[in-house]
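First comes the structure, then the notes that go with it.
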Amino acid sequence: MADTLKLVKKISRLAKGKKHLRLMEVCGTHTVAIFRSGIRQILPENVELVSGPGCPVCVTDDDFIDKAIAYARKKNFIVATFGDMLKVPGTRSSLARESAAGARIKVVYSPLDCIELAKENPRKSVIFLAVGFETTAPTQAATILAARDQGVKNLFMLSAQKLVPPALKFLLNDESTKVDGFLLPGHVAVVIGADAFNFLADDFKIPSAVSGFEADEILTALVSLLEQIDTGQPTVANDYKSVVTNEGNLTAKKILAQVYEVTDAVWRGMGEIPASGLKLRDEFAAFDIERVEPVEIERIEKKSACRCGEVLRGLVKPTDCPLFGKACKPLHAIGACMVSVEGVCAAWFKYGSGKFNF
Ligand code: SF4
């Protein structure tokens, strides 16, 4: 507690006299941790935390959901997914609605569970919805290698895996983005290493700090950001040294490079970002359902007042959306940001946005 108070006072001292500062917590786990620990409420008035595009469910676009639904409707297919994908709305339906209508949709806790599921259902094709960032991609790659080694031929991936650094580049190249520093996701940095974010300081002169998820770890990273702003010397501070190295997890990176190659990817609210996704290499094409059995989806322009895209880019707060807390609530989500427990809108709904001076 004594350390916490020291950190809070240091933040206040460093922020004093500065302009209004917007610091982006990139990942959804940080958004929730910040709310739960009350950090947002004790920051000085001129330090604003804005949420970024780091919730994998939130940034998955409608086309991906529509494709998953199209596969789920096919005979002899089982779609396996993490539970928070169920309620994400596509253009006309959701996996939860399809499940209620009889589609075979199975919630799993790890992609590795799909190997057993495929073995138990040899006459069916099992498709895992491979959604996530660098954090979860190595396990998905390990699943592909295990399936190949065990001769499992009825397990496939529908992939929407995304990479965090290109999304940050996209935000910084967009002049509507107003961010003075990034609180970087510790779990992504565990895999790719702190050095993977050096471009933030080198190319964009923007402060950043890799942070853990405990309150004091987040406050320590905020101190680092404010010190960089104070001295005018941006760098990538590694404030999660207990688990994050400069080069990352070399074993995980090797598995990723063996199974995947980098590709362009579509992000909800940001469109297609070059080199921001992963796709299976040609030698693993037999596990890529879109190459084995592509589906056609009808592209429909969805009319909605949902501002999820702007929320994910830190341009507006969830409370700026006219649907927030009215038509859109966790039990009846209109947009993807209200679905996942790490969704920005869901976090704002659950924890509120109250602020008090400290
Ligand atoms: S409150 Fe709902 S409708 Fe509004 S931006 Fe968030 S997810 Fe979209």
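As shown in the structure tokens, the chain order sets the letters A, B, ...; within each chain, residues go from 1, and ligands are also counted from 1 in the order they appear.
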- Message: Taking 4 positions as the minimum chain separation for residues in the same chain, which residues sit within 9 Å of region 187-196 of chain A when counting only C-alpha atoms? Answer as number ranges by chain.
- Response: A: 133-136, 138, 164-165, 209-212, 236-238, 240, 243-253
Keeping C-alpha atoms for every residue in the selection just given, could you write it to a file as a CSV table (one decimal), in the first residue's frame?
```
chain,number,residue,atom,x,y,z
A,133,PHE,CA,-3.1,-12.1,-30.7
A,134,GLU,CA,0.5,-13.2,-30.4
A,135,THR,CA,-0.4,-14.4,-26.9
A,136,THR,CA,-2.5,-17.3,-28.0
A,138,PRO,CA,1.7,-20.3,-30.3
A,164,VAL,CA,-0.4,-6.0,-32.2
A,165,PRO,CA,2.6,-3.9,-33.4
A,209,ALA,CA,6.0,1.0,-21.3
A,210,VAL,CA,5.4,-2.8,-21.1
A,211,SER,CA,3.3,-3.5,-18.1
A,212,GLY,CA,2.1,-6.4,-16.0
A,236,VAL,CA,10.3,1.3,-24.6
A,237,ALA,CA,10.4,0.9,-20.8
A,238,ASN,CA,10.2,-2.8,-19.8
A,240,TYR,CA,7.5,-6.4,-16.6
A,243,VAL,CA,8.6,-12.3,-17.5
A,244,VAL,CA,9.3,-10.1,-20.5
A,245,THR,CA,12.8,-10.1,-22.1
A,246,ASN,CA,14.0,-7.9,-24.9
A,247,GLU,CA,13.9,-10.8,-27.5
A,248,GLY,CA,10.8,-12.6,-26.2
A,249,ASN,CA,10.1,-16.3,-26.0
A,250,LEU,CA,12.4,-17.8,-28.7
A,251,THR,CA,10.6,-21.2,-28.6
A,252,ALA,CA,7.2,-19.7,-29.1
A,253,LYS,CA,8.5,-17.5,-31.9
```
- Message: Residues contacting ligand 1 - anything with an atom at most 10 Å away, using only C-alpha atoms and all ligand atoms - can you give me those as an MDAnalysis selection string?
- Response: chainID A and resid 58 88 304:312 316:330 332:340 343:346 348:349
- Query: Of the candidates A:Ile69, A:Lys75, A:Ala201, A:Cys114, which shows the shortest atom-to-atom distance to Pro89 (chain A), using only C-alpha atoms?
  - Reply: A:Ile69
Run DSSP on the backbone and tell me which residues of region 137-326 of chain A come out as alpha helix (DSSP H); list them as a PDB file with N, CA and C atoms, in the first residue's frame.
```
ATOM      1  N   ALA A 137      -1.487 -17.340 -30.223  1.00  0.00           N
ATOM      2  CA  ALA A 137      -1.106 -17.971 -31.497  1.00  0.00           C
ATOM      3  C   ALA A 137      -0.136 -19.145 -31.333  1.00  0.00           C
ATOM      4  N   PRO A 138       0.837 -19.087 -30.381  1.00  0.00           N
ATOM      5  CA  PRO A 138       1.738 -20.252 -30.270  1.00  0.00           C
ATOM      6  C   PRO A 138       1.000 -21.537 -29.892  1.00  0.00           C
ATOM      7  N   THR A 139      -0.013 -21.462 -29.039  1.00  0.00           N
ATOM      8  CA  THR A 139      -0.771 -22.674 -28.679  1.00  0.00           C
ATOM      9  C   THR A 139      -1.530 -23.195 -29.886  1.00  0.00           C
ATOM     10  N   GLN A 140      -2.034 -22.252 -30.700  1.00  0.00           N
ATOM     11  CA  GLN A 140      -2.750 -22.680 -31.903  1.00  0.00           C
ATOM     12  C   GLN A 140      -1.779 -23.337 -32.891  1.00  0.00           C
ATOM     13  N   ALA A 141      -0.568 -22.781 -32.979  1.00  0.00           N
ATOM     14  CA  ALA A 141       0.445 -23.401 -33.848  1.00  0.00           C
ATOM     15  C   ALA A 141       0.824 -24.780 -33.323  1.00  0.00           C
ATOM     16  N   ALA A 142       0.956 -24.898 -31.989  1.00  0.00           N
ATOM     17  CA  ALA A 142       1.304 -26.197 -31.396  1.00  0.00           C
ATOM     18  C   ALA A 142       0.200 -27.220 -31.652  1.00  0.00           C
ATOM     19  N   THR A 143      -1.048 -26.754 -31.708  1.00  0.00           N
ATOM     20  CA  THR A 143      -2.178 -27.660 -31.985  1.00  0.00           C
ATOM     21  C   THR A 143      -2.062 -28.224 -33.403  1.00  0.00           C
ATOM     22  N   ILE A 144      -1.700 -27.347 -34.338  1.00  0.00           N
ATOM     23  CA  ILE A 144      -1.538 -27.809 -35.731  1.00  0.00           C
ATOM     24  C   ILE A 144      -0.423 -28.853 -35.817  1.00  0.00           C
ATOM     25  N   LEU A 145       0.697 -28.574 -35.145  1.00  0.00           N
ATOM     26  CA  LEU A 145       1.822 -29.524 -35.194  1.00  0.00           C
ATOM     27  C   LEU A 145       1.415 -30.861 -34.558  1.00  0.00           C
ATOM     28  N   ALA A 146       0.671 -30.791 -33.429  1.00  0.00           N
ATOM     29  CA  ALA A 146       0.236 -32.024 -32.757  1.00  0.00           C
ATOM     30  C   ALA A 146      -0.729 -32.806 -33.646  1.00  0.00           C
ATOM     31  N   ALA A 147      -1.650 -32.086 -34.302  1.00  0.00           N
ATOM     32  CA  ALA A 147      -2.623 -32.761 -35.190  1.00  0.00           C
ATOM     33  C   ALA A 147      -1.879 -33.447 -36.341  1.00  0.00           C
ATOM     34  N   ARG A 148      -0.901 -32.749 -36.894  1.00  0.00           N
ATOM     35  CA  ARG A 148      -0.130 -33.363 -37.994  1.00  0.00           C
ATOM     36  C   ARG A 148       0.612 -34.605 -37.495  1.00  0.00           C
ATOM     37  N   ASP A 149       1.277 -34.477 -36.344  1.00  0.00           N
ATOM     38  CA  ASP A 149       2.077 -35.600 -35.830  1.00  0.00           C
ATOM     39  C   ASP A 149       1.201 -36.793 -35.446  1.00  0.00           C
ATOM     40  N   VAL A 164      -0.168  -7.289 -32.840  1.00  0.00           N
ATOM     41  CA  VAL A 164      -0.389  -5.984 -32.194  1.00  0.00           C
ATOM     42  C   VAL A 164       0.465  -4.851 -32.780  1.00  0.00           C
ATOM     43  N   PRO A 165       1.791  -5.021 -32.984  1.00  0.00           N
ATOM     44  CA  PRO A 165       2.582  -3.865 -33.449  1.00  0.00           C
ATOM     45  C   PRO A 165       2.042  -3.195 -34.724  1.00  0.00           C
ATOM     46  N   PRO A 166       1.622  -3.935 -35.763  1.00  0.00           N
ATOM     47  CA  PRO A 166       1.107  -3.234 -36.951  1.00  0.00           C
ATOM     48  C   PRO A 166      -0.153  -2.409 -36.665  1.00  0.00           C
ATOM     49  N   ALA A 167      -0.964  -2.843 -35.693  1.00  0.00           N
ATOM     50  CA  ALA A 167      -2.168  -2.065 -35.358  1.00  0.00           C
ATOM     51  C   ALA A 167      -1.770  -0.737 -34.711  1.00  0.00           C
ATOM     52  N   LEU A 168      -0.714  -0.765 -33.885  1.00  0.00           N
ATOM     53  CA  LEU A 168      -0.256   0.482 -33.255  1.00  0.00           C
ATOM     54  C   LEU A 168       0.317   1.425 -34.317  1.00  0.00           C
ATOM     55  N   LYS A 169       1.047   0.841 -35.282  1.00  0.00           N
ATOM     56  CA  LYS A 169       1.553   1.659 -36.407  1.00  0.00           C
ATOM     57  C   LYS A 169       0.397   2.304 -37.150  1.00  0.00           C
ATOM     58  N   PHE A 170      -0.642   1.512 -37.387  1.00  0.00           N
ATOM     59  CA  PHE A 170      -1.816   2.034 -38.097  1.00  0.00           C
ATOM     60  C   PHE A 170      -2.400   3.218 -37.334  1.00  0.00           C
ATOM     61  N   LEU A 171      -2.564   3.058 -36.024  1.00  0.00           N
ATOM     62  CA  LEU A 171      -3.141   4.147 -35.219  1.00  0.00           C
ATOM     63  C   LEU A 171      -2.281   5.404 -35.298  1.00  0.00           C
ATOM     64  N   LEU A 172      -0.966   5.215 -35.229  1.00  0.00           N
ATOM     65  CA  LEU A 172      -0.082   6.385 -35.213  1.00  0.00           C
ATOM     66  C   LEU A 172       0.006   7.058 -36.579  1.00  0.00           C
ATOM     67  N   ASN A 173      -0.247   6.292 -37.628  1.00  0.00           N
ATOM     68  CA  ASN A 173      -0.247   6.892 -38.968  1.00  0.00           C
ATOM     69  C   ASN A 173      -1.577   7.575 -39.291  1.00  0.00           C
ATOM     70  N   GLY A 186       1.644  -6.798 -21.510  1.00  0.00           N
ATOM     71  CA  GLY A 186       2.707  -7.662 -21.008  1.00  0.00           C
ATOM     72  C   GLY A 186       2.666  -9.057 -21.601  1.00  0.00           C
ATOM     73  N   HIS A 187       1.460  -9.607 -21.778  1.00  0.00           N
ATOM     74  CA  HIS A 187       1.414 -11.000 -22.257  1.00  0.00           C
ATOM     75  C   HIS A 187       1.811 -11.121 -23.737  1.00  0.00           C
ATOM     76  N   VAL A 188       1.528 -10.105 -24.536  1.00  0.00           N
ATOM     77  CA  VAL A 188       2.008 -10.116 -25.931  1.00  0.00           C
ATOM     78  C   VAL A 188       3.530  -9.981 -25.941  1.00  0.00           C
ATOM     79  N   ALA A 189       4.028  -9.071 -25.071  1.00  0.00           N
ATOM     80  CA  ALA A 189       5.477  -8.842 -25.026  1.00  0.00           C
ATOM     81  C   ALA A 189       6.240 -10.069 -24.519  1.00  0.00           C
ATOM     82  N   VAL A 190       5.596 -10.897 -23.699  1.00  0.00           N
ATOM     83  CA  VAL A 190       6.253 -12.139 -23.258  1.00  0.00           C
ATOM     84  C   VAL A 190       6.659 -12.960 -24.479  1.00  0.00           C
ATOM     85  N   VAL A 191       5.799 -12.997 -25.484  1.00  0.00           N
ATOM     86  CA  VAL A 191       6.057 -13.803 -26.684  1.00  0.00           C
ATOM     87  C   VAL A 191       6.991 -13.072 -27.652  1.00  0.00           C
ATOM     88  N   ILE A 192       6.672 -11.823 -27.991  1.00  0.00           N
ATOM     89  CA  ILE A 192       7.431 -11.174 -29.075  1.00  0.00           C
ATOM     90  C   ILE A 192       8.611 -10.353 -28.562  1.00  0.00           C
ATOM     91  N   ASN A 198      10.177  -1.302 -30.366  1.00  0.00           N
ATOM     92  CA  ASN A 198      11.148  -0.204 -30.472  1.00  0.00           C
ATOM     93  C   ASN A 198      10.741   0.841 -31.509  1.00  0.00           C
ATOM     94  N   PHE A 199       9.984   0.419 -32.511  1.00  0.00           N
ATOM     95  CA  PHE A 199       9.574   1.367 -33.568  1.00  0.00           C
ATOM     96  C   PHE A 199       8.772   2.545 -32.989  1.00  0.00           C
ATOM     97  N   LEU A 200       8.118   2.323 -31.846  1.00  0.00           N
ATOM     98  CA  LEU A 200       7.306   3.406 -31.270  1.00  0.00           C
ATOM     99  C   LEU A 200       8.187   4.611 -30.935  1.00  0.00           C
ATOM    100  N   ALA A 201       9.331   4.343 -30.313  1.00  0.00           N
ATOM    101  CA  ALA A 201      10.253   5.437 -29.969  1.00  0.00           C
ATOM    102  C   ALA A 201      11.088   5.849 -31.179  1.00  0.00           C
ATOM    103  N   ASP A 202      11.580   4.854 -31.926  1.00  0.00           N
ATOM    104  CA  ASP A 202      12.508   5.160 -33.038  1.00  0.00           C
ATOM    105  C   ASP A 202      11.809   5.911 -34.170  1.00  0.00           C
ATOM    106  N   ASP A 203      10.626   5.425 -34.572  1.00  0.00           N
ATOM    107  CA  ASP A 203       9.974   5.995 -35.764  1.00  0.00           C
ATOM    108  C   ASP A 203       8.923   7.047 -35.434  1.00  0.00           C
ATOM    109  N   PHE A 204       8.280   6.915 -34.263  1.00  0.00           N
ATOM    110  CA  PHE A 204       7.157   7.817 -33.957  1.00  0.00           C
ATOM    111  C   PHE A 204       7.433   8.729 -32.753  1.00  0.00           C
ATOM    112  N   ALA A 215      -2.117  -3.886  -9.961  1.00  0.00           N
ATOM    113  CA  ALA A 215      -2.278  -2.430  -9.862  1.00  0.00           C
ATOM    114  C   ALA A 215      -0.931  -1.710  -9.792  1.00  0.00           C
ATOM    115  N   ASP A 216      -0.031  -2.212  -8.922  1.00  0.00           N
ATOM    116  CA  ASP A 216       1.259  -1.528  -8.783  1.00  0.00           C
ATOM    117  C   ASP A 216       2.092  -1.623 -10.061  1.00  0.00           C
ATOM    118  N   GLU A 217       1.942  -2.716 -10.782  1.00  0.00           N
ATOM    119  CA  GLU A 217       2.682  -2.849 -12.054  1.00  0.00           C
ATOM    120  C   GLU A 217       2.173  -1.822 -13.073  1.00  0.00           C
ATOM    121  N   ILE A 218       0.863  -1.634 -13.094  1.00  0.00           N
ATOM    122  CA  ILE A 218       0.295  -0.655 -14.033  1.00  0.00           C
ATOM    123  C   ILE A 218       0.704   0.760 -13.627  1.00  0.00           C
ATOM    124  N   LEU A 219       0.656   1.041 -12.331  1.00  0.00           N
ATOM    125  CA  LEU A 219       1.062   2.378 -11.857  1.00  0.00           C
ATOM    126  C   LEU A 219       2.539   2.628 -12.156  1.00  0.00           C
ATOM    127  N   THR A 220       3.362   1.597 -11.991  1.00  0.00           N
ATOM    128  CA  THR A 220       4.799   1.743 -12.295  1.00  0.00           C
ATOM    129  C   THR A 220       4.994   2.076 -13.775  1.00  0.00           C
ATOM    130  N   ALA A 221       4.252   1.413 -14.630  1.00  0.00           N
ATOM    131  CA  ALA A 221       4.361   1.685 -16.076  1.00  0.00           C
ATOM    132  C   ALA A 221       3.861   3.096 -16.401  1.00  0.00           C
ATOM    133  N   LEU A 222       2.823   3.540 -15.688  1.00  0.00           N
ATOM    134  CA  LEU A 222       2.328   4.915 -15.917  1.00  0.00           C
ATOM    135  C   LEU A 222       3.382   5.940 -15.479  1.00  0.00           C
ATOM    136  N   VAL A 223       4.080   5.629 -14.390  1.00  0.00           N
ATOM    137  CA  VAL A 223       5.184   6.516 -13.972  1.00  0.00           C
ATOM    138  C   VAL A 223       6.230   6.573 -15.084  1.00  0.00           C
ATOM    139  N   SER A 224       6.571   5.417 -15.643  1.00  0.00           N
ATOM    140  CA  SER A 224       7.565   5.389 -16.741  1.00  0.00           C
ATOM    141  C   SER A 224       7.120   6.250 -17.911  1.00  0.00           C
ATOM    142  N   LEU A 225       5.838   6.132 -18.268  1.00  0.00           N
ATOM    143  CA  LEU A 225       5.328   6.932 -19.392  1.00  0.00           C
ATOM    144  C   LEU A 225       5.450   8.424 -19.092  1.00  0.00           C
ATOM    145  N   LEU A 226       5.054   8.802 -17.880  1.00  0.00           N
ATOM    146  CA  LEU A 226       5.090  10.229 -17.531  1.00  0.00           C
ATOM    147  C   LEU A 226       6.525  10.739 -17.418  1.00  0.00           C
ATOM    148  N   GLU A 227       7.444   9.884 -16.967  1.00  0.00           N
ATOM    149  CA  GLU A 227       8.865  10.294 -16.931  1.00  0.00           C
ATOM    150  C   GLU A 227       9.390  10.535 -18.345  1.00  0.00           C
ATOM    151  N   GLN A 228       9.008   9.670 -19.276  1.00  0.00           N
ATOM    152  CA  GLN A 228       9.446   9.861 -20.674  1.00  0.00           C
ATOM    153  C   GLN A 228       8.870  11.157 -21.248  1.00  0.00           C
ATOM    154  N   ILE A 229       7.609  11.417 -20.914  1.00  0.00           N
ATOM    155  CA  ILE A 229       6.975  12.658 -21.392  1.00  0.00           C
ATOM    156  C   ILE A 229       7.682  13.860 -20.756  1.00  0.00           C
ATOM    157  N   ASP A 230       8.017  13.714 -19.479  1.00  0.00           N
ATOM    158  CA  ASP A 230       8.658  14.807 -18.736  1.00  0.00           C
ATOM    159  C   ASP A 230      10.037  15.151 -19.312  1.00  0.00           C
ATOM    160  N   THR A 231      10.801  14.115 -19.638  1.00  0.00           N
ATOM    161  CA  THR A 231      12.166  14.362 -20.130  1.00  0.00           C
ATOM    162  C   THR A 231      12.201  14.571 -21.639  1.00  0.00           C
ATOM    163  N   LEU A 250      11.821 -17.359 -27.405  1.00  0.00           N
ATOM    164  CA  LEU A 250      12.368 -17.827 -28.684  1.00  0.00           C
ATOM    165  C   LEU A 250      11.701 -19.122 -29.148  1.00  0.00           C
ATOM    166  N   THR A 251      11.310 -19.981 -28.202  1.00  0.00           N
ATOM    167  CA  THR A 251      10.642 -21.239 -28.587  1.00  0.00           C
ATOM    168  C   THR A 251       9.282 -20.934 -29.215  1.00  0.00           C
ATOM    169  N   ALA A 252       8.522 -20.054 -28.563  1.00  0.00           N
ATOM    170  CA  ALA A 252       7.200 -19.701 -29.100  1.00  0.00           C
ATOM    171  C   ALA A 252       7.339 -19.028 -30.468  1.00  0.00           C
ATOM    172  N   LYS A 253       8.343 -18.155 -30.600  1.00  0.00           N
ATOM    173  CA  LYS A 253       8.533 -17.466 -31.887  1.00  0.00           C
ATOM    174  C   LYS A 253       8.917 -18.456 -32.994  1.00  0.00           C
ATOM    175  N   LYS A 254       9.694 -19.480 -32.605  1.00  0.00           N
ATOM    176  CA  LYS A 254      10.110 -20.490 -33.593  1.00  0.00           C
ATOM    177  C   LYS A 254       8.902 -21.297 -34.083  1.00  0.00           C
ATOM    178  N   ILE A 255       8.048 -21.699 -33.152  1.00  0.00           N
ATOM    179  CA  ILE A 255       6.842 -22.461 -33.535  1.00  0.00           C
ATOM    180  C   ILE A 255       5.952 -21.601 -34.438  1.00  0.00           C
ATOM    181  N   LEU A 256       5.815 -20.326 -34.061  1.00  0.00           N
ATOM    182  CA  LEU A 256       4.981 -19.424 -34.872  1.00  0.00           C
ATOM    183  C   LEU A 256       5.515 -19.326 -36.296  1.00  0.00           C
ATOM    184  N   ALA A 257       6.837 -19.136 -36.398  1.00  0.00           N
ATOM    185  CA  ALA A 257       7.444 -18.973 -37.730  1.00  0.00           C
ATOM    186  C   ALA A 257       7.365 -20.270 -38.534  1.00  0.00           C
ATOM    187  N   GLN A 258       7.375 -21.404 -37.835  1.00  0.00           N
ATOM    188  CA  GLN A 258       7.294 -22.693 -38.538  1.00  0.00           C
ATOM    189  C   GLN A 258       5.909 -22.907 -39.159  1.00  0.00           C
ATOM    190  N   VAL A 259       4.880 -22.496 -38.444  1.00  0.00           N
ATOM    191  CA  VAL A 259       3.508 -22.820 -38.861  1.00  0.00           C
ATOM    192  C   VAL A 259       2.843 -21.687 -39.651  1.00  0.00           C
ATOM    193  N   ILE A 289      -9.274 -24.365 -43.344  1.00  0.00           N
ATOM    194  CA  ILE A 289     -10.589 -24.697 -43.901  1.00  0.00           C
ATOM    195  C   ILE A 289     -10.941 -23.824 -45.101  1.00  0.00           C
ATOM    196  N   GLU A 290     -10.416 -22.602 -45.117  1.00  0.00           N
ATOM    197  CA  GLU A 290     -10.752 -21.728 -46.250  1.00  0.00           C
ATOM    198  C   GLU A 290     -10.071 -22.179 -47.535  1.00  0.00           C
ATOM    199  N   ARG A 291      -8.983 -22.938 -47.414  1.00  0.00           N
ATOM    200  CA  ARG A 291      -8.355 -23.481 -48.615  1.00  0.00           C
ATOM    201  C   ARG A 291      -8.894 -24.871 -48.941  1.00  0.00           C
ATOM    202  N   VAL A 292      -9.326 -25.600 -47.935  1.00  0.00           N
ATOM    203  CA  VAL A 292      -9.841 -26.965 -48.169  1.00  0.00           C
ATOM    204  C   VAL A 292     -11.277 -26.911 -48.671  1.00  0.00           C
ATOM    205  N   CYS A 308     -18.364   0.998 -32.087  1.00  0.00           N
ATOM    206  CA  CYS A 308     -17.285   0.101 -31.652  1.00  0.00           C
ATOM    207  C   CYS A 308     -15.959   0.425 -32.353  1.00  0.00           C
ATOM    208  N   GLY A 309     -16.022   0.678 -33.659  1.00  0.00           N
ATOM    209  CA  GLY A 309     -14.803   0.962 -34.418  1.00  0.00           C
ATOM    210  C   GLY A 309     -14.058   2.166 -33.868  1.00  0.00           C
ATOM    211  N   GLU A 310     -14.809   3.223 -33.532  1.00  0.00           N
ATOM    212  CA  GLU A 310     -14.171   4.433 -32.978  1.00  0.00           C
ATOM    213  C   GLU A 310     -13.690   4.193 -31.548  1.00  0.00           C
ATOM    214  N   VAL A 311     -14.448   3.378 -30.795  1.00  0.00           N
ATOM    215  CA  VAL A 311     -14.041   3.055 -29.421  1.00  0.00           C
ATOM    216  C   VAL A 311     -12.693   2.333 -29.442  1.00  0.00           C
ATOM    217  N   LEU A 312     -12.543   1.390 -30.378  1.00  0.00           N
ATOM    218  CA  LEU A 312     -11.323   0.588 -30.440  1.00  0.00           C
ATOM    219  C   LEU A 312     -10.106   1.405 -30.870  1.00  0.00           C
TER     220      LEU A 312
END
```
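Excluding Ser12 (chain A) itself and any same-chain residue fewer than 3 positions from it, the protein and nucleic acid residues within 10 Å of it, counting only C-alpha atoms, are Lys6, Leu7, Val8, Lys9, Ala15, Lys16, Gly17, Ile42, Leu43, Pro44, Glu45, Asn46, Val47, Val223, Leu226 and Phe358 of chain A.
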Expected file: the selected residues, C-alpha atoms, as a short mmCIF file (atom, residue, chain, number, x, y, z; two decimals), in the first residue's frame:
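Output saved as selection_38.cif:
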```cif
data_model
loop_
_atom_site.label_atom_id
_atom_site.label_comp_id
_atom_site.auth_asym_id
_atom_site.auth_seq_id
_atom_site.Cartn_x
_atom_site.Cartn_y
_atom_site.Cartn_z
CA LYS A 6 4.21 6.58 -3.53
CA LEU A 7 3.44 5.68 -7.14
CA VAL A 8 0.18 7.65 -7.12
CA LYS A 9 1.94 10.71 -5.69
CA ALA A 15 1.58 15.24 -14.45
CA LYS A 16 1.44 18.62 -12.71
CA GLY A 17 1.52 21.50 -15.17
CA ILE A 42 -7.24 8.20 -8.84
CA LEU A 43 -5.32 9.67 -11.76
CA PRO A 44 -4.89 13.45 -12.00
CA GLU A 45 -7.57 15.25 -14.03
CA ASN A 46 -5.18 15.84 -16.92
CA VAL A 47 -4.20 12.15 -17.31
CA VAL A 223 5.18 6.52 -13.97
CA LEU A 226 5.09 10.23 -17.53
CA PHE A 358 -7.31 12.05 -4.94
#
```
- Residue list (strand (DSSP E or B), DSSP) for region 29-124 of chain A, as a list in words: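 In region 29-124 of chain A, DSSP puts these residues in strand (DSSP E or B): Val47, Glu48, Leu49, Val50, Ser51, Gly52, Pro53, Gly54, Phe77, Ile78, Val79, Ala80, Thr81, Ile105, Lys106 and Val107 of chain A.
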- Task: Determine, counting only C-alpha atoms, which protein, DNA and RNA residues have an atom within 12 Å of an atom of Tyr71 (chain A); residues of the same chain fewer than 2 positions away are not included. Present the result as a PyMOL selection string.
- Result: chain A and resi 64-69+73-80+95+98+103-105+124-129+156-158+289-290+293-297
- Would you mind listing what lies within 9 Å of Leu278 (chain A) as a count of residues only, with only C-alpha atoms counted and same-chain residues fewer than 4 positions away left out? 12
- Which value, in Å to one decimal, gives the distance between CA of Ile34 (chain A) and CA of Val131 (chain A)? 23.8 Å
- Which is closest to Val108 (chain A) among A:Gly28, A:Gly54, A:Gly83, A:Gly38, if we use only C-alpha atoms?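 The shortest atom-to-atom distance to Val108 (chain A) comes from A:Gly83.
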- Task: Mind checking which residues fall within 7 Å of Ser51 (chain A), counting only C-alpha atoms, ignoring those fewer than 3 positions away in the same chain, and posting them as a VMD selection string?
- Result: chain A and resid 24 to 26 31 312 314 344
Using the selection just defined, write its residues with C-alpha atoms as a PDB file, in the first residue's frame.
```pdb
ATOM      1  CA  MET A  24      -3.693   4.279 -24.342  1.00  0.00           C
ATOM      2  CA  GLU A  25      -3.912   0.935 -22.585  1.00  0.00           C
ATOM      3  CA  VAL A  26      -3.635  -1.281 -25.627  1.00  0.00           C
ATOM      4  CA  THR A  31      -8.725  -2.195 -19.376  1.00  0.00           C
ATOM      5  CA  LEU A 312     -11.323   0.588 -30.440  1.00  0.00           C
ATOM      6  CA  GLY A 314      -9.561   5.493 -28.751  1.00  0.00           C
ATOM      7  CA  VAL A 344     -14.134  -1.940 -23.669  1.00  0.00           C
TER       8      VAL A 344
END
```
- Task: Could you tell me which of A:Leu183, A:Ile206, A:Leu315, A:Val152 comes closest to Lys119 (chain A) if we count only C-alpha atoms?
- Result: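 When distances to Lys119 (chain A) are compared using only C-alpha atoms, the smallest one comes from A:Val152.
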